[in-house]
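**Q** My structure is stored as entry.cif, with mmCIF, C-alpha atoms.
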data_data
#
loop_
_atom_site.group_PDB
_atom_site.id
_atom_site.type_symbol
_atom_site.label_atom_id
_atom_site.label_comp_id
_atom_site.auth_asym_id
_atom_site.auth_seq_id
_atom_site.Cartn_x
_atom_site.Cartn_y
_atom_site.Cartn_z
ATOM 1 C CA MET Y 1 0.000 0.000 0.000
ATOM 2 C CA GLU Y 2 1.224 3.485 -0.859
ATOM 3 C CA VAL Y 3 1.388 5.654 2.284
ATOM 4 C CA HIS Y 4 2.654 9.239 2.505
ATOM 5 C CA ASN Y 5 3.354 11.295 5.617
ATOM 6 C CA VAL Y 6 1.831 14.552 4.417
ATOM 7 C CA THR Y 7 3.118 16.509 7.426
ATOM 8 C CA ALA Y 8 6.728 15.382 6.996
ATOM 9 C CA ASP Y 9 7.863 18.901 6.036
ATOM 10 C CA ALA Y 10 6.200 20.643 8.972
ATOM 11 C CA GLU Y 11 8.214 23.352 10.718
ATOM 12 C CA THR Y 12 5.898 23.436 13.751
ATOM 13 C CA PHE Y 13 4.863 20.696 16.170
ATOM 14 C CA THR Y 14 2.420 18.233 14.638
ATOM 15 C CA CYS Y 15 1.659 14.567 14.550
ATOM 16 C CA ASN Y 16 2.395 12.500 11.477
ATOM 17 C CA ALA Y 17 -0.649 12.595 9.198
ATOM 18 C CA TYR Y 18 -0.688 9.578 6.895
ATOM 19 C CA LEU Y 19 -2.335 9.516 3.487
ATOM 20 C CA ALA Y 20 -3.032 5.907 2.466
ATOM 21 C CA LEU Y 21 -3.869 5.558 -1.217
ATOM 22 C CA GLY Y 22 -5.883 2.779 -2.845
ATOM 23 C CA GLU Y 23 -9.541 1.893 -3.268
ATOM 24 C CA ALA Y 24 -10.447 4.060 -0.257
ATOM 25 C CA PRO Y 25 -8.035 7.026 -0.045
ATOM 26 C CA THR Y 26 -7.762 7.676 3.685
ATOM 27 C CA LEU Y 27 -6.076 10.258 5.877
ATOM 28 C CA VAL Y 28 -5.131 8.925 9.297
ATOM 29 C CA ASP Y 29 -5.095 12.045 11.511
ATOM 30 C CA ALA Y 30 -5.135 15.565 10.127
ATOM 31 C CA GLY Y 31 -2.171 17.034 11.971
ATOM 32 C CA ALA Y 32 -1.429 20.640 12.838
ATOM 33 C CA MET Y 33 0.576 21.754 9.800
ATOM 34 C CA ASP Y 34 -0.574 24.719 7.749
ATOM 35 C CA GLY Y 35 -0.733 23.606 4.132
ATOM 36 C CA VAL Y 36 -1.716 20.000 4.805
ATOM 37 C CA VAL Y 37 -4.536 20.277 2.232
ATOM 38 C CA GLU Y 38 -2.054 21.227 -0.467
ATOM 39 C CA ALA Y 39 0.242 18.394 0.629
ATOM 40 C CA ILE Y 40 -2.617 15.909 0.229
ATOM 41 C CA ARG Y 41 -3.448 17.305 -3.212
ATOM 42 C CA GLU Y 42 0.095 16.581 -4.362
ATOM 43 C CA HIS Y 43 -0.907 12.905 -4.237
ATOM 44 C CA THR Y 44 -4.672 12.796 -4.829
ATOM 45 C CA ASP Y 45 -7.727 14.927 -5.570
ATOM 46 C CA ALA Y 46 -10.048 12.458 -3.851
ATOM 47 C CA LEU Y 47 -10.190 11.666 -0.163
ATOM 48 C CA ASP Y 48 -12.839 9.193 0.998
ATOM 49 C CA ARG Y 49 -12.337 9.419 4.733
ATOM 50 C CA VAL Y 50 -10.397 10.839 7.627
ATOM 51 C CA VAL Y 51 -9.782 8.488 10.551
ATOM 52 C CA LEU Y 52 -8.698 9.936 13.883
ATOM 53 C CA THR Y 53 -6.523 7.928 16.237
ATOM 54 C CA HIS Y 54 -7.472 10.468 18.940
ATOM 55 C CA GLN Y 55 -8.356 14.120 19.273
ATOM 56 C CA HIS Y 56 -5.313 15.795 20.830
ATOM 57 C CA GLY Y 57 -4.606 19.155 19.219
ATOM 58 C CA ASP Y 58 -1.573 18.058 17.226
ATOM 59 C CA HIS Y 59 -3.772 15.439 15.531
ATOM 60 C CA VAL Y 60 -6.862 17.555 14.774
ATOM 61 C CA GLU Y 61 -5.847 21.214 14.412
ATOM 62 C CA GLN Y 62 -6.167 21.046 10.612
ATOM 63 C CA LEU Y 63 -9.179 18.710 10.622
ATOM 64 C CA ASP Y 64 -11.731 21.357 9.640
ATOM 65 C CA ALA Y 65 -9.525 22.538 6.791
ATOM 66 C CA VAL Y 66 -9.229 18.991 5.436
ATOM 67 C CA LEU Y 67 -12.939 18.252 5.764
ATOM 68 C CA ASP Y 68 -13.827 21.574 4.131
ATOM 69 C CA ALA Y 69 -11.503 20.867 1.202
ATOM 70 C CA PHE Y 70 -12.561 17.284 0.511
ATOM 71 C CA ASP Y 71 -15.893 15.459 0.498
ATOM 72 C CA ALA Y 72 -14.592 13.050 3.109
ATOM 73 C CA ASP Y 73 -16.327 11.244 5.958
ATOM 74 C CA LEU Y 74 -14.952 11.553 9.473
ATOM 75 C CA TYR Y 75 -14.428 8.390 11.522
ATOM 76 C CA ALA Y 76 -13.632 8.821 15.210
ATOM 77 C CA TYR Y 77 -14.041 6.985 18.497
ATOM 78 C CA GLY Y 78 -14.776 10.081 20.566
ATOM 79 C CA ASP Y 79 -17.628 12.504 19.984
ATOM 80 C CA HIS Y 80 -16.960 15.203 17.414
ATOM 81 C CA ALA Y 81 -19.331 17.720 15.847
ATOM 82 C CA ARG Y 82 -18.357 16.589 12.333
ATOM 83 C CA ARG Y 83 -18.145 12.847 12.963
ATOM 84 C CA ASP Y 84 -19.992 10.750 10.369
ATOM 85 C CA THR Y 85 -19.139 7.310 11.755
ATOM 86 C CA ALA Y 86 -18.475 6.327 15.348
ATOM 87 C CA LEU Y 87 -15.656 3.821 15.654
ATOM 88 C CA ARG Y 88 -15.952 0.963 18.111
ATOM 89 C CA ASP Y 89 -13.469 -1.633 19.291
ATOM 90 C CA GLY Y 90 -13.439 -4.526 16.839
ATOM 91 C CA ASP Y 91 -14.855 -2.585 13.884
ATOM 92 C CA GLU Y 92 -13.328 -3.149 10.457
ATOM 93 C CA ILE Y 93 -12.487 -0.244 8.171
ATOM 94 C CA VAL Y 94 -10.637 -0.059 4.865
ATOM 95 C CA VAL Y 95 -7.635 2.269 5.018
ATOM 96 C CA GLY Y 96 -6.266 2.838 1.531
ATOM 97 C CA GLU Y 97 -6.371 -0.732 0.307
ATOM 98 C CA GLU Y 98 -6.024 -2.660 3.570
ATOM 99 C CA ALA Y 99 -8.822 -3.916 5.809
ATOM 100 C CA CYS Y 100 -7.981 -2.791 9.340
ATOM 101 C CA GLU Y 101 -9.383 -3.809 12.701
ATOM 102 C CA VAL Y 102 -10.090 -0.956 15.080
ATOM 103 C CA ALA Y 103 -8.417 -1.559 18.449
ATOM 104 C CA TYR Y 104 -9.439 0.671 21.348
ATOM 105 C CA THR Y 105 -6.123 1.627 22.977
ATOM 106 C CA PRO Y 106 -6.630 4.270 25.701
ATOM 107 C CA GLY Y 107 -4.076 5.456 28.234
ATOM 108 C CA HIS Y 108 -2.479 8.305 26.314
ATOM 109 C CA ALA Y 109 -5.987 9.534 25.447
ATOM 110 C CA ASP Y 110 -9.418 8.262 26.463
ATOM 111 C CA ASP Y 111 -10.574 8.121 22.829
ATOM 112 C CA HIS Y 112 -7.435 6.540 21.372
ATOM 113 C CA VAL Y 113 -7.695 3.817 18.736
ATOM 114 C CA SER Y 114 -5.117 1.967 16.663
ATOM 115 C CA LEU Y 115 -5.666 0.353 13.256
ATOM 116 C CA VAL Y 116 -4.333 -3.153 12.618
ATOM 117 C CA SER Y 117 -4.191 -4.933 9.253
ATOM 118 C CA GLU Y 118 -2.383 -8.060 8.112
ATOM 119 C CA ALA Y 119 0.554 -5.904 6.968
ATOM 120 C CA SER Y 120 0.364 -2.562 8.782
ATOM 121 C CA LEU Y 121 -0.155 -0.923 12.164
ATOM 122 C CA PHE Y 122 -1.345 2.669 12.473
ATOM 123 C CA SER Y 123 -0.523 3.088 16.144
ATOM 124 C CA GLY Y 124 -1.189 6.767 16.782
ATOM 125 C CA ASP Y 125 0.587 7.690 20.013
ATOM 126 C CA VAL Y 126 0.159 4.446 21.954
ATOM 127 C CA VAL Y 127 3.385 2.967 20.510
ATOM 128 C CA VAL Y 128 6.029 4.620 18.354
ATOM 129 C CA HIS Y 129 9.359 3.452 16.990
ATOM 130 C CA ASP Y 130 11.468 6.484 17.942
ATOM 131 C CA ASP Y 131 10.415 9.760 19.518
ATOM 132 C CA GLY Y 132 13.392 11.355 21.254
ATOM 133 C CA ALA Y 133 12.793 9.459 24.494
ATOM 134 C CA PHE Y 134 13.594 5.952 23.230
ATOM 135 C CA ASP Y 135 14.686 4.444 19.949
ATOM 136 C CA ASP Y 136 13.377 1.147 18.584
ATOM 137 C CA GLY Y 137 10.273 0.973 20.771
ATOM 138 C CA SER Y 138 8.656 3.805 22.710
ATOM 139 C CA PHE Y 139 5.189 4.657 24.030
ATOM 140 C CA GLY Y 140 2.886 7.637 24.444
ATOM 141 C CA ARG Y 141 3.348 9.933 27.404
ATOM 142 C CA THR Y 142 0.994 9.449 30.353
ATOM 143 C CA ASP Y 143 2.013 12.225 32.755
ATOM 144 C CA TYR Y 144 -0.683 14.754 31.898
ATOM 145 C CA PRO Y 145 -4.064 14.922 33.664
ATOM 146 C CA GLY Y 146 -6.500 12.301 32.404
ATOM 147 C CA GLN Y 147 -3.749 9.993 31.170
ATOM 148 C CA SER Y 148 -2.876 6.604 32.685
ATOM 149 C CA ARG Y 149 0.299 4.529 32.405
ATOM 150 C CA GLU Y 150 -1.560 1.468 33.727
ATOM 151 C CA ARG Y 151 -4.261 1.776 31.084
ATOM 152 C CA LEU Y 152 -1.642 2.346 28.391
ATOM 153 C CA ILE Y 153 0.145 -0.853 29.420
ATOM 154 C CA GLU Y 154 -3.120 -2.769 29.121
ATOM 155 C CA SER Y 155 -3.639 -1.267 25.672
ATOM 156 C CA ILE Y 156 -0.178 -2.276 24.449
ATOM 157 C CA ARG Y 157 -0.705 -5.821 25.732
ATOM 158 C CA ASP Y 158 -4.049 -5.963 23.923
ATOM 159 C CA LEU Y 159 -2.430 -4.620 20.773
ATOM 160 C CA LEU Y 160 0.173 -7.409 20.891
ATOM 161 C CA ASP Y 161 -2.621 -9.972 21.168
ATOM 162 C CA ARG Y 162 -4.207 -8.575 18.012
ATOM 163 C CA LEU Y 163 -1.068 -8.153 15.906
ATOM 164 C CA PRO Y 164 -0.783 -10.718 13.096
ATOM 165 C CA ASP Y 165 2.661 -12.283 12.801
ATOM 166 C CA GLY Y 166 3.282 -10.723 9.400
ATOM 167 C CA VAL Y 167 2.898 -7.044 10.292
ATOM 168 C CA GLU Y 168 5.885 -5.267 8.738
ATOM 169 C CA HIS Y 169 4.919 -1.570 8.625
ATOM 170 C CA MET Y 170 4.288 0.729 11.586
ATOM 171 C CA TYR Y 171 2.932 4.217 11.015
ATOM 172 C CA ALA Y 172 3.069 6.000 14.367
ATOM 173 C CA GLY Y 173 1.869 9.454 15.327
ATOM 174 C CA HIS Y 174 5.420 10.683 15.984
ATOM 175 C CA GLY Y 175 8.919 9.701 14.967
ATOM 176 C CA GLY Y 176 9.842 7.747 11.889
ATOM 177 C CA VAL Y 177 7.958 5.121 9.928
ATOM 178 C CA PHE Y 178 9.231 1.630 10.735
ATOM 179 C CA HIS Y 179 9.489 -1.289 8.315
ATOM 180 C CA GLY Y 180 10.475 -4.645 9.749
ATOM 181 C CA ASP Y 181 9.541 -6.721 12.789
ATOM 182 C CA VAL Y 182 6.761 -4.556 14.213
ATOM 183 C CA ARG Y 183 5.921 -7.049 16.949
ATOM 184 C CA ALA Y 184 9.454 -6.779 18.362
ATOM 185 C CA VAL Y 185 9.180 -2.976 18.479
ATOM 186 C CA VAL Y 186 5.837 -3.142 20.300
ATOM 187 C CA GLU Y 187 7.259 -5.681 22.758
ATOM 188 C CA ARG Y 188 10.177 -3.347 23.567
ATOM 189 C CA ALA Y 189 7.757 -0.462 24.062
ATOM 190 C CA LEU Y 190 5.752 -2.595 26.475
ATOM 191 C CA GLU Y 191 8.860 -3.555 28.453
ATOM 192 C CA ARG Y 192 9.824 0.101 28.822
ATOM 193 C CA ALA Y 193 6.309 1.172 29.792
ATOM 194 C CA GLU Y 194 6.120 -1.588 32.405
ATOM 195 C CA ARG Y 195 9.138 -0.156 34.232
ATOM 196 C CA ARG Y 196 6.851 2.714 35.309
ATOM 197 C CA GLU Y 197 9.767 5.125 34.976
ATOM 198 C CA PRO Y 198 9.161 8.673 33.692
ATOM 199 C CA LYS Y 199 9.303 8.776 29.922
ATOM 200 C CA TYR Y 200 10.974 12.192 30.031
ATOM 201 C CA PRO Y 201 12.882 12.188 33.356
ATOM 202 C CA ASP Y 202 14.388 15.636 32.784
ATOM 203 C CA GLU Y 203 11.024 17.407 32.520
#
As structure tokens - that is how I would like this structure written.
**A**
Amino acid sequence: MEVHNVTADAETFTCNAYLALGEAPTLVDAGAMDGVVEAIREHTDALDRVVLTHQHGDHVEQLDAVLDAFDADLYAYGDHARRDTALRDGDEIVVGEEACEVAYTPGHADDHVSLVSEASLFSGDVVVHDDGAFDDGSFGRTDYPGQSRERLIESIRDLLDRLPDGVEHMYAGHGGVFHGDVRAVVERALERAERREPKYPDE
């Protein structure tokens, strides 16, 4: 599947917003980068849907601009004024050209979901490959009000239970895209989260 990080050139803080092309062109998260609409249009004029992993500002700041520019449906777990389809744990949704299972993965955010296919994992902020805190397996921060390290650990364990053996691509909300043994990366993230140590000890 052809996937582009359309916020890769951002000069301000944003999540990675992934455009997955195929039978159902899909944007996973809208990001916070001015010009994201133009970045999408470099690859396609049609966008079927926007799927939110969660609604933190760095993932949704440009959501209205994207929805205004494209005749796209909004899929989200949490309530949103422009939501067309409510996601639920265990739902199946086509992202680009891959059928993905929706996995409810709270801890970093109460409305957080991840998307799991036979080949790919769109993990949002629950698990990332590298993010400045750890390389080769990190996890979303849980030190802000309303967040929970214990719930995040449960979510990562559940995600491991759902991951097919052949998953080779991980598209996380921050850091780089990872191609390889995704399960091993998620396992390392779980081990680090289970230590209950601060993710950013210097803050």
**Q** Identify all residues satisfying the PyMOL selection byres ((chain Y and resi 39-47) around 7) in the given file; provide them as an mmCIF file with C-alpha atoms, keeping the file's coordinate frame.
**A**
data_model
loop_
_atom_site.group_PDB
_atom_site.id
_atom_site.type_symbol
_atom_site.label_atom_id
_atom_site.label_comp_id
_atom_site.auth_asym_id
_atom_site.auth_seq_id
_atom_site.Cartn_x
_atom_site.Cartn_y
_atom_site.Cartn_z
ATOM 1 C CA VAL Y 6 1.831 14.552 4.417
ATOM 2 C CA PRO Y 25 -8.035 7.026 -0.045
ATOM 3 C CA THR Y 26 -7.762 7.676 3.685
ATOM 4 C CA GLY Y 35 -0.733 23.606 4.132
ATOM 5 C CA VAL Y 36 -1.716 20.000 4.805
ATOM 6 C CA VAL Y 37 -4.536 20.277 2.232
ATOM 7 C CA GLU Y 38 -2.054 21.227 -0.467
ATOM 8 C CA ASP Y 48 -12.839 9.193 0.998
ATOM 9 C CA ARG Y 49 -12.337 9.419 4.733
ATOM 10 C CA PHE Y 70 -12.561 17.284 0.511
ATOM 11 C CA ASP Y 71 -15.893 15.459 0.498
ATOM 12 C CA ALA Y 72 -14.592 13.050 3.109
#
**Q** To one decimal place in Å, what is the distance between CA of Ala76 (chain Y) and CA of His112 (chain Y)?
**A** 9.0 Å
**Q** When the PyMOL selection byres ((chain Y and resi 156) around 12) is applied to the structure above, which residues does it catch, written out as a PDB file with C-alpha atoms, in the coordinates of the input?
**A**
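Result file selection_11.pdb:
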ATOM      1  CA  ALA Y 103      -8.417  -1.559  18.449  1.00  0.00           C
ATOM      2  CA  TYR Y 104      -9.439   0.671  21.348  1.00  0.00           C
ATOM      3  CA  THR Y 105      -6.123   1.627  22.977  1.00  0.00           C
ATOM      4  CA  PRO Y 106      -6.630   4.270  25.701  1.00  0.00           C
ATOM      5  CA  GLY Y 107      -4.076   5.456  28.234  1.00  0.00           C
ATOM      6  CA  HIS Y 108      -2.479   8.305  26.314  1.00  0.00           C
ATOM      7  CA  HIS Y 112      -7.435   6.540  21.372  1.00  0.00           C
ATOM      8  CA  VAL Y 113      -7.695   3.817  18.736  1.00  0.00           C
ATOM      9  CA  SER Y 114      -5.117   1.967  16.663  1.00  0.00           C
ATOM     10  CA  SER Y 123      -0.523   3.088  16.144  1.00  0.00           C
ATOM     11  CA  GLY Y 124      -1.189   6.767  16.782  1.00  0.00           C
ATOM     12  CA  ASP Y 125       0.587   7.690  20.013  1.00  0.00           C
ATOM     13  CA  VAL Y 126       0.159   4.446  21.954  1.00  0.00           C
ATOM     14  CA  VAL Y 127       3.385   2.967  20.510  1.00  0.00           C
ATOM     15  CA  VAL Y 128       6.029   4.620  18.354  1.00  0.00           C
ATOM     16  CA  GLY Y 137      10.273   0.973  20.771  1.00  0.00           C
ATOM     17  CA  SER Y 138       8.656   3.805  22.710  1.00  0.00           C
ATOM     18  CA  PHE Y 139       5.189   4.657  24.030  1.00  0.00           C
ATOM     19  CA  GLY Y 140       2.886   7.637  24.444  1.00  0.00           C
ATOM     20  CA  ARG Y 149       0.299   4.529  32.405  1.00  0.00           C
ATOM     21  CA  GLU Y 150      -1.560   1.468  33.727  1.00  0.00           C
ATOM     22  CA  ARG Y 151      -4.261   1.776  31.084  1.00  0.00           C
ATOM     23  CA  LEU Y 152      -1.642   2.346  28.391  1.00  0.00           C
ATOM     24  CA  ILE Y 153       0.145  -0.853  29.420  1.00  0.00           C
ATOM     25  CA  GLU Y 154      -3.120  -2.769  29.121  1.00  0.00           C
ATOM     26  CA  SER Y 155      -3.639  -1.267  25.672  1.00  0.00           C
ATOM     27  CA  ARG Y 157      -0.705  -5.821  25.732  1.00  0.00           C
ATOM     28  CA  ASP Y 158      -4.049  -5.963  23.923  1.00  0.00           C
ATOM     29  CA  LEU Y 159      -2.430  -4.620  20.773  1.00  0.00           C
ATOM     30  CA  LEU Y 160       0.173  -7.409  20.891  1.00  0.00           C
ATOM     31  CA  ASP Y 161      -2.621  -9.972  21.168  1.00  0.00           C
ATOM     32  CA  ARG Y 162      -4.207  -8.575  18.012  1.00  0.00           C
ATOM     33  CA  LEU Y 163      -1.068  -8.153  15.906  1.00  0.00           C
ATOM     34  CA  ARG Y 183       5.921  -7.049  16.949  1.00  0.00           C
ATOM     35  CA  VAL Y 185       9.180  -2.976  18.479  1.00  0.00           C
ATOM     36  CA  VAL Y 186       5.837  -3.142  20.300  1.00  0.00           C
ATOM     37  CA  GLU Y 187       7.259  -5.681  22.758  1.00  0.00           C
ATOM     38  CA  ARG Y 188      10.177  -3.347  23.567  1.00  0.00           C
ATOM     39  CA  ALA Y 189       7.757  -0.462  24.062  1.00  0.00           C
ATOM     40  CA  LEU Y 190       5.752  -2.595  26.475  1.00  0.00           C
ATOM     41  CA  GLU Y 191       8.860  -3.555  28.453  1.00  0.00           C
ATOM     42  CA  ARG Y 192       9.824   0.101  28.822  1.00  0.00           C
ATOM     43  CA  ALA Y 193       6.309   1.172  29.792  1.00  0.00           C
ATOM     44  CA  GLU Y 194       6.120  -1.588  32.405  1.00  0.00           C
TER      45      GLU Y 194
END
**Q** Please provide as JSON, numbers by chain all residues within 9 Å of Arg82 (chain Y), with the sequence filter that same-chain residues fewer than 3 positions apart are discarded (counting only C-alpha atoms).
**A** {"Y": [64, 67, 73, 74, 79]}
**Q** Keeping only C-alpha atoms, write the selected residues as a PDB file, keeping the file's coordinate frame.
**A**
ATOM      1  CA  ASP Y  64     -11.731  21.357   9.640  1.00  0.00           C
ATOM      2  CA  LEU Y  67     -12.939  18.252   5.764  1.00  0.00           C
ATOM      3  CA  ASP Y  73     -16.327  11.244   5.958  1.00  0.00           C
ATOM      4  CA  LEU Y  74     -14.952  11.553   9.473  1.00  0.00           C
ATOM      5  CA  ASP Y  79     -17.628  12.504  19.984  1.00  0.00           C
TER       6      ASP Y  79
END
**Q** In Å, rounded to a single decimal, give me how far CA of Glu92 (chain Y) is from CA of Ala184 (chain Y).
**A** 24.4 Å
**Q** Mind telling me what the PyMOL selection byres ((chain Y and resi 23) around 8) catches here, as a list in words?
**A**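 Taken over the shown coordinates, the PyMOL selection byres ((chain Y and resi 23) around 8) returns Leu21, Gly22, Ala24, Pro25, Gly96 and Glu97 of chain Y.
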**Q** Show which residues sit within 9 Å of Phe13 (chain Y), as a list of chain:residue names. Count all atoms listed in the file, and ignore same-chain residues fewer than 4 positions away.
**A** Y:Gly31, Y:Ala32, Y:Met33, Y:Asp58
**Q** Name the closest residue to Met170 (chain Y) among the candidates Y:Thr142, Y:Thr7, Y:Tyr18, Y:Leu27; distances are taken between atoms, counting all atoms listed in the file.
**A**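 Nearest to Met170 (chain Y): Y:Tyr18.
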**Q** Return the single residue from Y:Leu87, Y:Val94, Y:Ala30, Y:Leu19 that is closest to Leu63 (chain Y), with distances computed using only C-alpha atoms.
**A** Y:Ala30
**Q** Please, what distance in Å, to one decimal, runs between CA of Pro198 (chain Y) and CA of Asp110 (chain Y)?
**A** 19.9 Å
**Q** Given the choices Y:Asp181, Y:Glu197, Y:Asp34, Y:Asp29, which gets closest to His129 (chain Y) if the distance is worked out from only C-alpha atoms?
**A**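 The answer is Y:Asp181, which sits nearest to His129 (chain Y).
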**Q** For His80 (chain Y), which residue among Y:Glu98, Y:Asp111, Y:Asp135, Y:Asp143 is the nearest when counting all atoms listed in the file?
**A**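 For His80 (chain Y), the nearest of the given residues is Y:Asp111.
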**Q** Determine the nearest neighbour of His59 (chain Y) from the options Y:Pro164, Y:Gly132, Y:Gly173, Y:Gly180, counting all atoms listed in the file.
**A** Y:Gly173
**Q** Which residue gives the smallest distance to Ala69 (chain Y) among Y:Pro201, Y:Gly175, Y:Val102, Y:Val50, with only C-alpha atoms counted?
**A** Y:Val50
